[in-house]
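First the structure, in the form of structure tokens, and then the observations on it.
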Amino acid sequence: SNNYGPCQFPEKLVPVVILAARDGRPIPVYGKGANVRDWLYVEDHADALLLIAERGRVGETYNVGGRAERANIDIVRTICALVDERRQSPRGQSEGLIEFVADRPGHDLPRARREEERLTMRILLFGPSGQIGTEILRRAPGGVEILAVGRDACDLAEPGAARAASEGDRFDAVINAAAYTAVDKAESEPALARAVNAFAPEEMAAACARRGVP
């Protein structure tokens, strides 16, 4: 949820609209204003957090929301109307200041479109032919797409191979089921063991961080 209320940073939507309407300046709105957010008054949020701290149970997870989803353009128009009312200005005067500007890619897409695009979870799976990888492929539920990366396509012993494989198709998570498991040979091939079991996972993690994949 997006907080709003006292002490909000002035570059956020609500204060931007209020100040621009008050001063008679253009009111910027991303795209067509169709971006959808849930709104939560900051004092309500604070009360919820205090309640959780007082009565919550250890180990539980609590989601605090406002159940007040609105498209940005609806929020902007509501604020404009309130500013006009407060200033006793002609109805629609502030709304005439709205200017639509280029949106940021993927910025707060409407929920319906967001859910449609992410209906299938895509998991990048390294080591699909091993014991764990095979079981993951067999047990993956509907709605989950597995992007299998085998040794023929990505030799994890090669520097940069894991990074390259992690920077291709869109994915939502990475499972590394690949490993150098020859324990006895690892002593005679320590460089190979480190490359597969240490350096390659580091490359995967770094690629995920760059792409914003948790």
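Chain lettering (A, B, ...) mirrors the order of the structure tokens, residue numbering begins at 1 for each chain separately, and ligand numbering begins at 1 in order of display.
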Each residue of region 28-130 of chain A lying at most 10 Å from region 3-14 of chain A should get a row with its shortest atom-to-atom pair and the distance in Å to one decimal, counting only C-alpha atoms; could you produce that, ordered by chain and increasing number, as a tab-separated table?
```
residue	atom	partner	partner_atom	distance
A:Pro28	CA	A:Leu13	CA	9.0
A:Val29	CA	A:Leu13	CA	8.6
A:Asp38	CA	A:Asn3	CA	8.7
A:Trp39	CA	A:Asn3	CA	6.0
A:Leu40	CA	A:Asn3	CA	4.9
A:Tyr41	CA	A:Tyr4	CA	5.2
A:Val42	CA	A:Asn3	CA	5.3
A:Glu43	CA	A:Gly5	CA	7.6
A:Asp44	CA	A:Asn3	CA	9.3
A:His45	CA	A:Asn3	CA	7.7
A:Gly65	CA	A:Asn3	CA	9.6
A:Gly66	CA	A:Asn3	CA	9.1
A:Asn72	CA	A:Leu13	CA	8.3
A:Ile75	CA	A:Val14	CA	8.0
A:Val76	CA	A:Val14	CA	7.6
A:Ile79	CA	A:Val14	CA	7.8
```
Using only C-alpha atoms, which residues of region 31-127 of chain A come within 7 Å of region 165-177 of chain A, and what is the closest atom pair for each, with the distance in Å to one decimal? Give it as a tab-separated table, sorted by chain and residue number.
```
residue	atom	partner	partner_atom	distance
A:Met121	CA	A:Asp172	CA	6.2
A:Arg122	CA	A:Phe171	CA	4.8
A:Ile123	CA	A:Ala173	CA	4.9
A:Leu124	CA	A:Val174	CA	4.7
A:Leu125	CA	A:Ile175	CA	5.0
A:Phe126	CA	A:Asn176	CA	4.8
A:Gly127	CA	A:Ala177	CA	4.9
```
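Using only C-alpha atoms, the nearest neighbour of Leu97 (chain A) within the list A:Asp23, A:Glu187, A:Glu85, A:Asp74 is A:Asp23.
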Exercise for the section: Would you return as a PyMOL selection string the members of region 42-146 of chain A that DSSP assigns to helix (DSSP H, G or I) on this structure's backbone? Expected result: chain A and resi 42-55+72-87+95-97+111-117+131-139
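The residue that comes closest to Gln93 (chain A), out of A:Val16, A:Val144, A:Val196, A:Ile27 and on the basis of only C-alpha atoms, is A:Ile27.
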Exercise for the section: From the DSSP assignment of the backbone, select every residue of region 7-180 of chain A that is strand (DSSP E or B), and format the answer as number ranges by chain. Expected result: A: 27-30, 36-41, 69-71, 98-101, 121-126, 144-149, 173-176
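Straight-line separation from CA of Glu54 (chain A) to CA of Asn2 (chain A): 23.4 Å.
Minimum atom-to-atom distances from A:Arg22, A:Arg163, A:Arg138, A:Arg210 to Leu82 (chain A) were compared using only C-alpha atoms, and the lowest value belongs to A:Arg22.
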Handout entry: Option closest in space to Ala21 (chain A), from A:Leu192, A:Ala182, A:Ile98, A:Leu137 [counting only C-alpha atoms]
Key = A:Ile98
Practice task
Considering only C-alpha atoms, return as a ChimeraX atom specification whatever protein or nucleic-acid residues lie within 9 Å of Cys154 (chain A), sequence-local ones (same chain, fewer than 4 positions apart) excluded.
Solution key: /A:126,149-150,158,161-162,164-165
Practice task
Rank nothing, just name the residue among A:Val83, A:Ala68, A:Ala157, A:Ala140 nearest to Val17 (chain A), using only C-alpha atoms.
Solution key: A:Val83
Completion exercise
Using only C-alpha atoms, the best pick from A:Ala198, A:Val58, A:Cys80, A:Leu49 as closest to Gly96 (chain A) would be A:Cys80
Using only C-alpha atoms, which protein or nucleic acid residues come within 8 Å of Gly31 (chain A)? Drop anything in the same chain fewer than 5 positions from it, and give the result as a short mmCIF file (atom, residue, chain, number, x, y, z; two decimals) with all heavy atoms, in the first residue's frame.
```
data_model
loop_
_atom_site.label_atom_id
_atom_site.label_comp_id
_atom_site.auth_asym_id
_atom_site.auth_seq_id
_atom_site.Cartn_x
_atom_site.Cartn_y
_atom_site.Cartn_z
N PHE A 100 -0.40 14.85 -19.08
CA PHE A 100 0.03 13.45 -19.11
C PHE A 100 1.46 13.38 -19.63
O PHE A 100 1.78 13.96 -20.68
CB PHE A 100 -0.91 12.62 -19.97
CG PHE A 100 -2.30 12.55 -19.42
CD1 PHE A 100 -3.32 13.33 -19.95
CD2 PHE A 100 -2.59 11.72 -18.35
CE1 PHE A 100 -4.61 13.27 -19.44
CE2 PHE A 100 -3.88 11.64 -17.83
CZ PHE A 100 -4.89 12.43 -18.37
N VAL A 101 2.32 12.69 -18.89
CA VAL A 101 3.74 12.58 -19.26
C VAL A 101 4.09 11.11 -19.46
O VAL A 101 3.37 10.21 -19.02
CB VAL A 101 4.64 13.19 -18.16
CG1 VAL A 101 4.35 14.68 -18.00
CG2 VAL A 101 4.46 12.47 -16.83
N ALA A 102 5.21 10.87 -20.13
CA ALA A 102 5.65 9.50 -20.43
C ALA A 102 5.82 8.71 -19.15
O ALA A 102 6.43 9.18 -18.19
CB ALA A 102 6.94 9.52 -21.23
N ASP A 103 5.29 7.50 -19.15
CA ASP A 103 5.37 6.65 -17.97
C ASP A 103 6.70 5.93 -17.93
O ASP A 103 7.37 5.73 -18.94
CB ASP A 103 4.24 5.63 -17.99
CG ASP A 103 3.94 5.08 -16.61
OD1 ASP A 103 4.71 5.36 -15.68
OD2 ASP A 103 2.94 4.36 -16.47
#
```
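When CA of Ala20 (chain A) is paired with CA of Ala34 (chain A), their separation reads 20.0 Å.
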Practice task
Please measure the separation of CA of Pro26 (chain A) and CA of Ser94 (chain A), giving the value in Å to one decimal.
Solution key: 9.0 Å
